[in-house]
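Okay, so here's the structure we're looking at.
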Amino acid sequence: MTGVSAYDDHTPILELRSVRAAYDGGIEVLHGIDLQVHRGQVVALLGPNGAGKTTTIRVASGLMRPTGGFLKVAGHDVTGVSASSLARLGVRTVPEGRGVFPNLTVRENLRIATFTGCGLSDIEERAYTRFPRLAERRGQLAGTMSGGEQQMLALARGLATDPVVLLLDELSMGLAPIVVGQLYEQVAAIAAEGVSVLVVEQFVRTVMSVADWTVLLAQGTVRNAGPTADFDDEVLANAYLGSS
Amino acid sequence: MNEERIKTFASEVSELRVNGARGDRERVLLGAGVTLLVAGVALAVVGGLRASSANGLGNQIALLATGSFIGFALVGAGAALFVRYSIARFLRYWLVRLVHEHRTETDRIVHAIESLGRPEVGRPDADPATMSDAR
Ligand SMILES: Nc1ncnc2c1ncn2[C@@H]1O[C@H](COP(=O)(O)OP(=O)(O)OP(=O)(O)O)[C@@H](O)[C@H]1O
Ligand SMILES: [Mg+2]
């Protein structure tokens, strides 16, 4: 394989094609997912609990190898490439739950992002510009900050090293709606800079206010996908309540 | 994010080698270590036995060389592989375990500090005033 890539502006940055996935024990939980994220686009991945949203994010980040179908990044088939290789190149994941080390300070948590080759001072500068609150707390143990501040830190760390794709799984976990709104303002700003974002979120309205495209999952399949504007309350209610 | 970044990204991605499942490779190498170890011991023993029953110093040396020495070399290589990969596994497990424990511990400490800091209404036992009354 050579350095000549098949990428042009119309190629999706991230693409899942007919992706199937199963957990140990062989129970298939994704039954052929098709999904595309274009450059600078925010795609919301919605659906009821257990629909397979986190699993889809795991496949997209390379953490989980699909049992069928392809994962393509910038037009190139990367099915089976390790999550660490993808992360190093610029596919960053902010996982479900807390993505920070509670017994490390804010600064030490940011230092972890130097694995990409960026210097700590650059990383700190970018993180604090985006989230000034973190600058005030740089010496504080992450575990003692509020949930919202911890998520800011997780997001800041994901962003501090020039990501191309950002995979977000429930930033809002356990947070007050107003904090969630602030986090998503940042997500919108990031996308405006050209970063492509695939985001799972329970705060449906908040995420839909920043998403260009929405994909509705139910029971491991895509039930509905289209421009966010096409999703009205009725479509959403049906998807979440399980009727058709 | 500029054009340059996207171009670099696309070309770096296209250079990625899709090399199967890495977890599997590790398991295979661990297995290979064990196999080499066993084969090495067997070869050394066979070589040694045949050398001691062979007649003529030249024959004995030849058998020792092909049997025991190669055997020892295999044992060395096998042991190195085995140690490398079993330790990696163990350390990884240990690290996850530590992170997990620290996390729980921090939660507990934070919780304790918080409950000391502000005695809650509706929990008279946590209120210093009531507590001193009770004593
Ligand atoms: N580690 C695992 N082992 C076995 N099954 C799992 C595992 N993780 C998830 N599952 C199953 O896979 C299905 C999809 O789970 P997933 O976590 O992707 O759902 P989700 O859409 O993220 O749900 P939620 O909104 O609750 O986070 C569920 O039925 C779940 O029970
Ligand atoms: Mg989930």
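Numbering starts fresh at 1 for the residues of each chain in the structure tokens, the chains themselves are lettered A, B, ... in the order given, and ligands are numbered from 1 as they appear.
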
Contacts of segment 223-226 of chain A within 9 Å, only C-alpha atoms, excl. fewer than 2 positions in-chain, as a VMD selection string: chain A and resid 35 212 to 221 228 to 231 235 239

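Among all protein and nucleic acid residues, the ones that lie within 8 Å of ligand 2 when counting only C-alpha atoms and all ligand atoms are A:Asn49, A:Gly50, A:Gly52, A:Lys53, A:Thr54, A:Thr55, A:Glu96, A:Asp169, A:Glu170, A:Val200.
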
Write a file of the selected residues as a PDB file, in the first residue's frame, keeping N, CA, C and O atoms.
ATOM      1  N   ASN A  49     -32.253   2.691  25.015  1.00  0.00           N
ATOM      2  CA  ASN A  49     -31.212   1.932  25.711  1.00  0.00           C
ATOM      3  C   ASN A  49     -31.061   0.554  25.090  1.00  0.00           C
ATOM      4  O   ASN A  49     -32.046  -0.121  24.812  1.00  0.00           O
ATOM      5  N   GLY A  50     -29.830   0.152  24.882  1.00  0.00           N
ATOM      6  CA  GLY A  50     -29.572  -1.170  24.346  1.00  0.00           C
ATOM      7  C   GLY A  50     -29.707  -1.267  22.840  1.00  0.00           C
ATOM      8  O   GLY A  50     -29.603  -2.351  22.264  1.00  0.00           O
ATOM      9  N   GLY A  52     -27.666  -0.255  20.651  1.00  0.00           N
ATOM     10  CA  GLY A  52     -26.379  -0.561  20.023  1.00  0.00           C
ATOM     11  C   GLY A  52     -25.555   0.681  19.721  1.00  0.00           C
ATOM     12  O   GLY A  52     -24.617   0.629  18.937  1.00  0.00           O
ATOM     13  N   LYS A  53     -25.872   1.792  20.371  1.00  0.00           N
ATOM     14  CA  LYS A  53     -25.161   3.043  20.097  1.00  0.00           C
ATOM     15  C   LYS A  53     -23.694   2.960  20.545  1.00  0.00           C
ATOM     16  O   LYS A  53     -22.794   3.277  19.783  1.00  0.00           O
ATOM     17  N   THR A  54     -23.499   2.533  21.794  1.00  0.00           N
ATOM     18  CA  THR A  54     -22.133   2.424  22.288  1.00  0.00           C
ATOM     19  C   THR A  54     -21.336   1.415  21.464  1.00  0.00           C
ATOM     20  O   THR A  54     -20.172   1.647  21.134  1.00  0.00           O
ATOM     21  N   THR A  55     -21.979   0.322  21.111  1.00  0.00           N
ATOM     22  CA  THR A  55     -21.308  -0.685  20.297  1.00  0.00           C
ATOM     23  C   THR A  55     -20.881  -0.089  18.953  1.00  0.00           C
ATOM     24  O   THR A  55     -19.770  -0.341  18.482  1.00  0.00           O
ATOM     25  N   GLU A  96     -18.083   6.632  27.062  1.00  0.00           N
ATOM     26  CA  GLU A  96     -19.220   6.725  27.984  1.00  0.00           C
ATOM     27  C   GLU A  96     -18.666   6.715  29.409  1.00  0.00           C
ATOM     28  O   GLU A  96     -17.678   6.070  29.687  1.00  0.00           O
ATOM     29  N   ASP A 169     -19.527   9.617  23.311  1.00  0.00           N
ATOM     30  CA  ASP A 169     -20.591   8.758  23.828  1.00  0.00           C
ATOM     31  C   ASP A 169     -21.158   9.343  25.119  1.00  0.00           C
ATOM     32  O   ASP A 169     -20.518   9.290  26.164  1.00  0.00           O
ATOM     33  N   GLU A 170     -22.344   9.918  25.026  1.00  0.00           N
ATOM     34  CA  GLU A 170     -23.047  10.443  26.195  1.00  0.00           C
ATOM     35  C   GLU A 170     -22.205  11.341  27.088  1.00  0.00           C
ATOM     36  O   GLU A 170     -21.952  11.026  28.240  1.00  0.00           O
ATOM     37  N   VAL A 200     -23.311  10.252  20.416  1.00  0.00           N
ATOM     38  CA  VAL A 200     -24.432   9.548  21.026  1.00  0.00           C
ATOM     39  C   VAL A 200     -24.910  10.398  22.191  1.00  0.00           C
ATOM     40  O   VAL A 200     -24.088  10.884  22.962  1.00  0.00           O
TER      41      VAL A 200
END

Residue nearest chain B - candidates A:Ser196, A:Thr129, A:Ser146, A:Thr79, atoms counted: only C-alpha atoms: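 Smallest distance to chain B is found for A:Thr79.
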
Pull out every residue of chain A that has at least one atom within 10 Å of chain B, counting only C-alpha atoms, and report them as a compact mmCIF listing (two decimals) with all heavy atoms, in the first residue's frame.
# COMPACT_ATOMS: atom_id res chain seq x y z
N MET A 1 0.83 -1.21 0.00
CA MET A 1 0.00 0.00 0.00
C MET A 1 0.86 1.26 0.00
O MET A 1 1.85 1.33 0.73
CB MET A 1 -0.90 0.01 1.22
CG MET A 1 -2.32 -0.35 0.89
SD MET A 1 -3.21 -0.64 2.41
CE MET A 1 -2.99 -2.42 2.55
N THR A 2 0.51 2.24 -0.77
CA THR A 2 1.32 3.43 -0.87
C THR A 2 0.61 4.61 -0.23
O THR A 2 -0.50 4.50 0.27
CB THR A 2 1.60 3.78 -2.34
OG1 THR A 2 0.36 4.07 -2.97
CG2 THR A 2 2.30 2.65 -3.05
N GLY A 3 1.26 5.76 -0.27
CA GLY A 3 0.70 6.94 0.36
C GLY A 3 -0.36 7.61 -0.48
O GLY A 3 -0.95 8.60 -0.06
N VAL A 4 -0.64 7.11 -1.67
CA VAL A 4 -1.64 7.73 -2.51
C VAL A 4 -3.01 7.35 -1.97
O VAL A 4 -3.36 6.19 -1.89
CB VAL A 4 -1.52 7.22 -3.97
CG1 VAL A 4 -2.54 7.92 -4.84
CG2 VAL A 4 -0.12 7.46 -4.49
N SER A 5 -3.78 8.34 -1.56
CA SER A 5 -5.07 8.01 -0.97
C SER A 5 -6.19 8.34 -1.95
O SER A 5 -6.05 9.19 -2.82
CB SER A 5 -5.27 8.78 0.32
OG SER A 5 -5.52 10.13 0.03
N ALA A 6 -7.30 7.65 -1.72
CA ALA A 6 -8.44 7.83 -2.63
C ALA A 6 -9.34 8.94 -2.10
O ALA A 6 -10.49 9.05 -2.49
CB ALA A 6 -9.20 6.53 -2.73
N TYR A 7 -8.80 9.77 -1.22
CA TYR A 7 -9.65 10.75 -0.57
C TYR A 7 -9.89 12.00 -1.40
O TYR A 7 -8.99 12.58 -1.96
CB TYR A 7 -9.02 11.14 0.77
CG TYR A 7 -9.83 12.19 1.48
CD1 TYR A 7 -10.98 11.85 2.15
CD2 TYR A 7 -9.45 13.53 1.43
CE1 TYR A 7 -11.74 12.81 2.77
CE2 TYR A 7 -10.21 14.50 2.06
CZ TYR A 7 -11.36 14.13 2.72
OH TYR A 7 -12.12 15.08 3.32
N ASP A 8 -11.15 12.41 -1.51
CA ASP A 8 -11.46 13.76 -1.99
C ASP A 8 -12.60 14.32 -1.14
O ASP A 8 -13.09 13.65 -0.22
CB ASP A 8 -11.79 13.77 -3.49
CG ASP A 8 -13.07 13.02 -3.79
OD1 ASP A 8 -14.06 13.20 -3.05
OD2 ASP A 8 -13.10 12.26 -4.77
N ASP A 9 -13.03 15.52 -1.42
CA ASP A 9 -13.98 16.19 -0.55
C ASP A 9 -15.33 15.49 -0.41
O ASP A 9 -16.08 15.74 0.52
CB ASP A 9 -14.20 17.64 -1.01
CG ASP A 9 -13.03 18.51 -0.59
OD1 ASP A 9 -12.21 18.04 0.23
OD2 ASP A 9 -12.93 19.64 -1.08
N ILE A 13 -15.51 11.06 5.80
CA ILE A 13 -14.34 10.90 6.67
C ILE A 13 -14.46 9.58 7.42
O ILE A 13 -13.49 8.87 7.62
CB ILE A 13 -14.27 12.07 7.67
CG1 ILE A 13 -13.82 13.34 6.95
CG2 ILE A 13 -13.35 11.76 8.83
CD1 ILE A 13 -12.35 13.36 6.62
N ARG A 39 -16.94 15.54 6.35
CA ARG A 39 -16.06 16.51 6.99
C ARG A 39 -16.84 17.67 7.61
O ARG A 39 -17.69 18.26 6.96
CB ARG A 39 -15.10 17.04 5.95
CG ARG A 39 -14.10 17.96 6.54
CD ARG A 39 -13.04 18.26 5.56
NE ARG A 39 -12.25 19.36 6.04
CZ ARG A 39 -11.43 20.04 5.28
NH1 ARG A 39 -11.31 19.72 4.01
NH2 ARG A 39 -10.75 21.02 5.79
N GLY A 40 -16.56 17.95 8.87
CA GLY A 40 -17.19 19.06 9.56
C GLY A 40 -18.63 18.82 9.94
O GLY A 40 -19.31 19.72 10.42
N ARG A 65 -13.78 -5.21 16.71
CA ARG A 65 -13.68 -5.60 15.32
C ARG A 65 -15.04 -6.11 14.88
O ARG A 65 -15.62 -6.98 15.52
CB ARG A 65 -12.65 -6.71 15.22
CG ARG A 65 -12.16 -6.98 13.84
CD ARG A 65 -11.30 -8.25 13.87
NE ARG A 65 -11.12 -8.70 12.50
CZ ARG A 65 -10.04 -8.40 11.78
NH1 ARG A 65 -9.08 -7.70 12.31
NH2 ARG A 65 -9.94 -8.83 10.53
N LYS A 72 -14.57 2.34 7.21
CA LYS A 72 -13.71 3.11 6.31
C LYS A 72 -13.42 4.47 6.92
O LYS A 72 -14.32 5.13 7.44
CB LYS A 72 -14.39 3.29 4.96
CG LYS A 72 -14.44 2.02 4.14
CD LYS A 72 -14.99 2.32 2.76
CE LYS A 72 -14.59 1.22 1.79
NZ LYS A 72 -14.72 1.69 0.41
N VAL A 73 -12.17 4.88 6.83
CA VAL A 73 -11.79 6.21 7.29
C VAL A 73 -11.13 6.91 6.11
O VAL A 73 -10.20 6.37 5.51
CB VAL A 73 -10.85 6.14 8.50
CG1 VAL A 73 -10.32 7.52 8.85
CG2 VAL A 73 -11.57 5.56 9.71
N ALA A 74 -11.62 8.09 5.78
CA ALA A 74 -11.14 8.86 4.63
C ALA A 74 -11.06 7.98 3.38
O ALA A 74 -10.12 8.07 2.60
CB ALA A 74 -9.78 9.48 4.94
N GLY A 75 -12.05 7.14 3.21
CA GLY A 75 -12.15 6.33 2.00
C GLY A 75 -11.32 5.06 2.01
O GLY A 75 -11.33 4.29 1.06
N HIS A 76 -10.60 4.85 3.09
CA HIS A 76 -9.70 3.70 3.15
C HIS A 76 -10.25 2.66 4.12
O HIS A 76 -10.70 3.00 5.21
CB HIS A 76 -8.33 4.18 3.62
CG HIS A 76 -7.28 3.13 3.58
ND1 HIS A 76 -6.74 2.67 2.40
CD2 HIS A 76 -6.69 2.43 4.58
CE1 HIS A 76 -5.86 1.72 2.67
NE2 HIS A 76 -5.80 1.56 3.98
N ASP A 77 -10.21 1.41 3.69
CA ASP A 77 -10.73 0.34 4.54
C ASP A 77 -9.80 0.11 5.73
O ASP A 77 -8.65 -0.27 5.56
CB ASP A 77 -10.85 -0.95 3.71
CG ASP A 77 -11.54 -2.06 4.48
OD1 ASP A 77 -11.76 -1.90 5.70
OD2 ASP A 77 -11.88 -3.09 3.87
N VAL A 78 -10.28 0.37 6.94
CA VAL A 78 -9.45 0.19 8.13
C VAL A 78 -10.05 -0.85 9.08
O VAL A 78 -9.74 -0.87 10.27
CB VAL A 78 -9.22 1.51 8.89
CG1 VAL A 78 -8.41 2.48 8.08
CG2 VAL A 78 -10.54 2.14 9.30
N THR A 79 -10.91 -1.71 8.54
CA THR A 79 -11.50 -2.76 9.37
C THR A 79 -10.37 -3.57 10.00
O THR A 79 -9.51 -4.07 9.28
CB THR A 79 -12.37 -3.68 8.51
OG1 THR A 79 -13.06 -2.91 7.56
CG2 THR A 79 -13.35 -4.46 9.37
N GLY A 80 -10.38 -3.67 11.31
CA GLY A 80 -9.36 -4.49 11.97
C GLY A 80 -8.12 -3.73 12.38
O GLY A 80 -7.24 -4.28 13.03
N VAL A 81 -8.01 -2.45 12.02
CA VAL A 81 -6.89 -1.64 12.49
C VAL A 81 -7.10 -1.34 13.96
O VAL A 81 -8.23 -1.14 14.40
CB VAL A 81 -6.79 -0.33 11.67
CG1 VAL A 81 -5.87 0.67 12.35
CG2 VAL A 81 -6.31 -0.61 10.26
N SER A 82 -6.02 -1.33 14.74
CA SER A 82 -6.19 -1.15 16.19
C SER A 82 -6.66 0.25 16.53
O SER A 82 -6.38 1.21 15.82
CB SER A 82 -4.87 -1.44 16.90
OG SER A 82 -3.98 -0.38 16.65
N SER A 85 -3.83 2.83 16.81
CA SER A 85 -3.33 3.42 15.55
C SER A 85 -4.27 4.51 15.07
O SER A 85 -3.83 5.58 14.65
CB SER A 85 -3.22 2.36 14.44
OG SER A 85 -2.50 1.27 14.90
N LEU A 86 -5.56 4.23 15.10
CA LEU A 86 -6.53 5.23 14.64
C LEU A 86 -6.47 6.47 15.52
O LEU A 86 -6.52 7.59 15.03
CB LEU A 86 -7.94 4.64 14.64
CG LEU A 86 -8.22 3.61 13.55
CD1 LEU A 86 -9.61 3.01 13.71
CD2 LEU A 86 -8.08 4.23 12.17
N LEU A 89 -3.58 8.77 14.73
CA LEU A 89 -3.73 9.57 13.51
C LEU A 89 -4.74 10.70 13.67
O LEU A 89 -4.68 11.68 12.94
CB LEU A 89 -4.16 8.68 12.34
CG LEU A 89 -3.19 7.58 11.94
CD1 LEU A 89 -3.61 6.96 10.62
CD2 LEU A 89 -1.78 8.11 11.82
N GLY A 90 -5.68 10.56 14.60
CA GLY A 90 -6.62 11.67 14.79
C GLY A 90 -8.08 11.27 14.97
O GLY A 90 -8.96 12.11 14.89
N VAL A 91 -8.33 9.99 15.18
CA VAL A 91 -9.70 9.56 15.49
C VAL A 91 -9.81 9.44 17.02
O VAL A 91 -9.30 8.50 17.60
CB VAL A 91 -10.03 8.20 14.84
CG1 VAL A 91 -11.46 7.79 15.14
CG2 VAL A 91 -9.80 8.27 13.34
N VAL A 100 -11.65 10.42 32.46
CA VAL A 100 -10.47 11.05 33.04
C VAL A 100 -9.93 10.18 34.18
O VAL A 100 -10.64 9.34 34.70
CB VAL A 100 -10.78 12.47 33.59
CG1 VAL A 100 -11.26 13.36 32.47
CG2 VAL A 100 -11.81 12.41 34.70
N PHE A 101 -8.68 10.40 34.55
CA PHE A 101 -8.11 9.70 35.67
C PHE A 101 -8.33 10.54 36.93
O PHE A 101 -7.75 11.61 37.05
CB PHE A 101 -6.61 9.46 35.46
CG PHE A 101 -6.34 8.48 34.36
CD1 PHE A 101 -6.12 8.93 33.07
CD2 PHE A 101 -6.34 7.12 34.60
CE1 PHE A 101 -5.88 8.04 32.04
CE2 PHE A 101 -6.11 6.22 33.58
CZ PHE A 101 -5.88 6.67 32.29
N PRO A 102 -9.14 10.06 37.86
CA PRO A 102 -9.53 10.88 39.01
C PRO A 102 -8.36 11.21 39.94
O PRO A 102 -8.36 12.24 40.58
CB PRO A 102 -10.57 10.03 39.73
CG PRO A 102 -10.33 8.64 39.28
CD PRO A 102 -9.78 8.73 37.90
N ASN A 103 -7.37 10.32 40.00
CA ASN A 103 -6.26 10.58 40.93
C ASN A 103 -5.13 11.35 40.30
O ASN A 103 -4.06 11.48 40.88
CB ASN A 103 -5.74 9.26 41.48
CG ASN A 103 -6.53 8.84 42.69
OD1 ASN A 103 -7.60 9.39 42.94
ND2 ASN A 103 -6.04 7.89 43.45
N LEU A 141 -7.12 17.63 41.62
CA LEU A 141 -7.34 16.24 41.22
C LEU A 141 -8.64 16.16 40.43
O LEU A 141 -9.68 16.68 40.86
CB LEU A 141 -7.45 15.33 42.44
CG LEU A 141 -6.18 15.08 43.25
CD1 LEU A 141 -6.45 14.05 44.33
CD2 LEU A 141 -5.06 14.59 42.34
N ALA A 142 -8.57 15.51 39.29
CA ALA A 142 -9.74 15.45 38.42
C ALA A 142 -10.96 14.86 39.13
O ALA A 142 -12.08 15.30 38.94
CB ALA A 142 -9.42 14.66 37.16
N GLY A 143 -10.71 13.86 39.99
CA GLY A 143 -11.81 13.19 40.67
C GLY A 143 -12.59 14.09 41.62
O GLY A 143 -13.71 13.77 42.00
N THR A 144 -11.98 15.21 42.01
CA THR A 144 -12.67 16.09 42.95
C THR A 144 -13.40 17.23 42.23
O THR A 144 -14.01 18.07 42.87
CB THR A 144 -11.68 16.71 43.96
OG1 THR A 144 -10.76 17.54 43.24
CG2 THR A 144 -10.91 15.65 44.70
N MET A 145 -13.35 17.24 40.91
CA MET A 145 -14.08 18.29 40.18
C MET A 145 -15.52 17.83 39.96
O MET A 145 -15.86 16.66 40.09
CB MET A 145 -13.43 18.55 38.82
CG MET A 145 -12.01 19.06 38.92
SD MET A 145 -11.47 19.84 37.39
CE MET A 145 -11.67 18.54 36.22
N ASP A 162 -5.39 18.13 17.82
CA ASP A 162 -5.71 18.16 16.41
C ASP A 162 -6.47 16.94 15.90
O ASP A 162 -6.01 16.24 15.01
CB ASP A 162 -4.38 18.24 15.63
CG ASP A 162 -4.39 19.44 14.73
OD1 ASP A 162 -5.43 20.12 14.67
OD2 ASP A 162 -3.36 19.69 14.07
N PRO A 163 -7.64 16.69 16.47
CA PRO A 163 -8.40 15.53 16.00
C PRO A 163 -8.99 15.80 14.62
O PRO A 163 -9.16 16.95 14.24
CB PRO A 163 -9.53 15.42 17.02
CG PRO A 163 -9.74 16.80 17.50
CD PRO A 163 -8.39 17.45 17.48
N VAL A 164 -9.27 14.74 13.89
CA VAL A 164 -9.97 14.87 12.62
C VAL A 164 -11.39 14.36 12.80
O VAL A 164 -12.34 14.89 12.25
CB VAL A 164 -9.24 14.10 11.51
CG1 VAL A 164 -10.02 14.13 10.22
CG2 VAL A 164 -7.85 14.69 11.30
N ILE A 190 -16.36 23.13 17.49
CA ILE A 190 -15.34 22.21 16.98
C ILE A 190 -15.68 21.78 15.55
O ILE A 190 -14.82 21.73 14.68
CB ILE A 190 -15.29 20.96 17.89
CG1 ILE A 190 -14.72 21.33 19.25
CG2 ILE A 190 -14.49 19.85 17.25
CD1 ILE A 190 -15.25 20.48 20.37
N ALA A 191 -16.96 21.47 15.34
CA ALA A 191 -17.39 21.02 14.01
C ALA A 191 -17.22 22.16 13.01
O ALA A 191 -16.84 21.95 11.85
CB ALA A 191 -18.83 20.55 14.05
N ALA A 192 -17.47 23.38 13.46
CA ALA A 192 -17.33 24.53 12.57
C ALA A 192 -15.88 24.70 12.12
O ALA A 192 -15.61 25.25 11.05
CB ALA A 192 -17.81 25.80 13.28
N GLU A 193 -14.95 24.19 12.92
CA GLU A 193 -13.53 24.24 12.52
C GLU A 193 -13.17 23.13 11.55
O GLU A 193 -12.03 23.05 11.09
CB GLU A 193 -12.64 24.12 13.76
CG GLU A 193 -12.69 25.34 14.67
CD GLU A 193 -12.08 25.07 16.04
OE1 GLU A 193 -11.29 24.12 16.18
OE2 GLU A 193 -12.43 25.81 16.97
N GLY A 194 -14.12 22.23 11.27
CA GLY A 194 -13.87 21.19 10.27
C GLY A 194 -13.72 19.79 10.83
O GLY A 194 -13.50 18.84 10.09
N VAL A 195 -13.82 19.64 12.15
CA VAL A 195 -13.73 18.32 12.75
C VAL A 195 -15.06 17.59 12.53
O VAL A 195 -16.13 18.20 12.63
CB VAL A 195 -13.42 18.42 14.26
CG1 VAL A 195 -13.40 17.06 14.91
CG2 VAL A 195 -12.09 19.13 14.47

Non-local contacts of Leu36 of chain B (7 Å; only C-alpha atoms; under 6 positions in same chain excluded) as a VMD selection string: chain B and resid 74 to 75 78

File of the preceding selection, N, CA, C and O atoms, as a PDB file, in the first residue's frame:
ATOM      1  N   LEU B  74      16.889 -23.040  21.887  1.00  0.00           N
ATOM      2  CA  LEU B  74      15.427 -22.978  21.769  1.00  0.00           C
ATOM      3  C   LEU B  74      14.787 -22.685  23.129  1.00  0.00           C
ATOM      4  O   LEU B  74      13.847 -21.900  23.220  1.00  0.00           O
ATOM      5  N   VAL B  75      15.314 -23.324  24.166  1.00  0.00           N
ATOM      6  CA  VAL B  75      14.771 -23.075  25.507  1.00  0.00           C
ATOM      7  C   VAL B  75      14.885 -21.589  25.835  1.00  0.00           C
ATOM      8  O   VAL B  75      13.934 -20.962  26.297  1.00  0.00           O
ATOM      9  N   GLY B  78      12.411 -19.588  23.682  1.00  0.00           N
ATOM     10  CA  GLY B  78      11.036 -19.875  24.123  1.00  0.00           C
ATOM     11  C   GLY B  78      10.738 -19.179  25.436  1.00  0.00           C
ATOM     12  O   GLY B  78       9.703 -18.530  25.592  1.00  0.00           O
TER      13      GLY B  78
END

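Considering the residues A:Glu136, A:Glu185, A:Glu124, A:Asp24 and counting only C-alpha atoms, Ala156 of chain A has its shortest atom-to-atom contact with A:Glu124.
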
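Rounded to one decimal, atom CA of Val41 of chain B and atom CA of Phe72 of chain B lie 7.1 Å from each other.
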
Which of segment 30-143 of chain A fall in helix (DSSP H, G or I), as number ranges by chain: A: 53-61, 83-89, 106-116, 120-130, 132-136, 142-143

Computed interatomic separation between atom CA of Gly47 of chain A and atom 17 (O, counted along the ligand's line) of ligand 1 (Å): 11.0 Å

Within 9 Å of Gln186 of chain A using only C-alpha atoms, minus same-chain residues under 5 positions, as a ChimeraX atom specification: /A:130-131,181,191

Distance query Phe115 of chain A at most 12 Å, only C-alpha atoms, self and fewer than 2 positions along chain excluded, as a ChimeraX atom specification: /A:84-85,87-90,109-113,117-120,123,157-158,160-161

Selection near Arg50 of chain B, 12 Å with only C-alpha atoms, sequence-local residues under 6 positions removed, as a PyMOL selection string: chain B and resi 43-44+56+59-68

Pick from B:Leu37, B:Ile113, B:Ser52, B:Tyr85, whichever lies nearest to Ala73 of chain B using only C-alpha atoms: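 Of B:Leu37, B:Ile113, B:Ser52, B:Tyr85, the one nearest Ala73 of chain B is B:Leu37, counting only C-alpha atoms.
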
Interatomic distance (Å, one decimal) between atom CA of Asn238 of chain A and atom CA of Leu46 of chain A: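 That distance, rounded to one decimal, is 12.4 Å.
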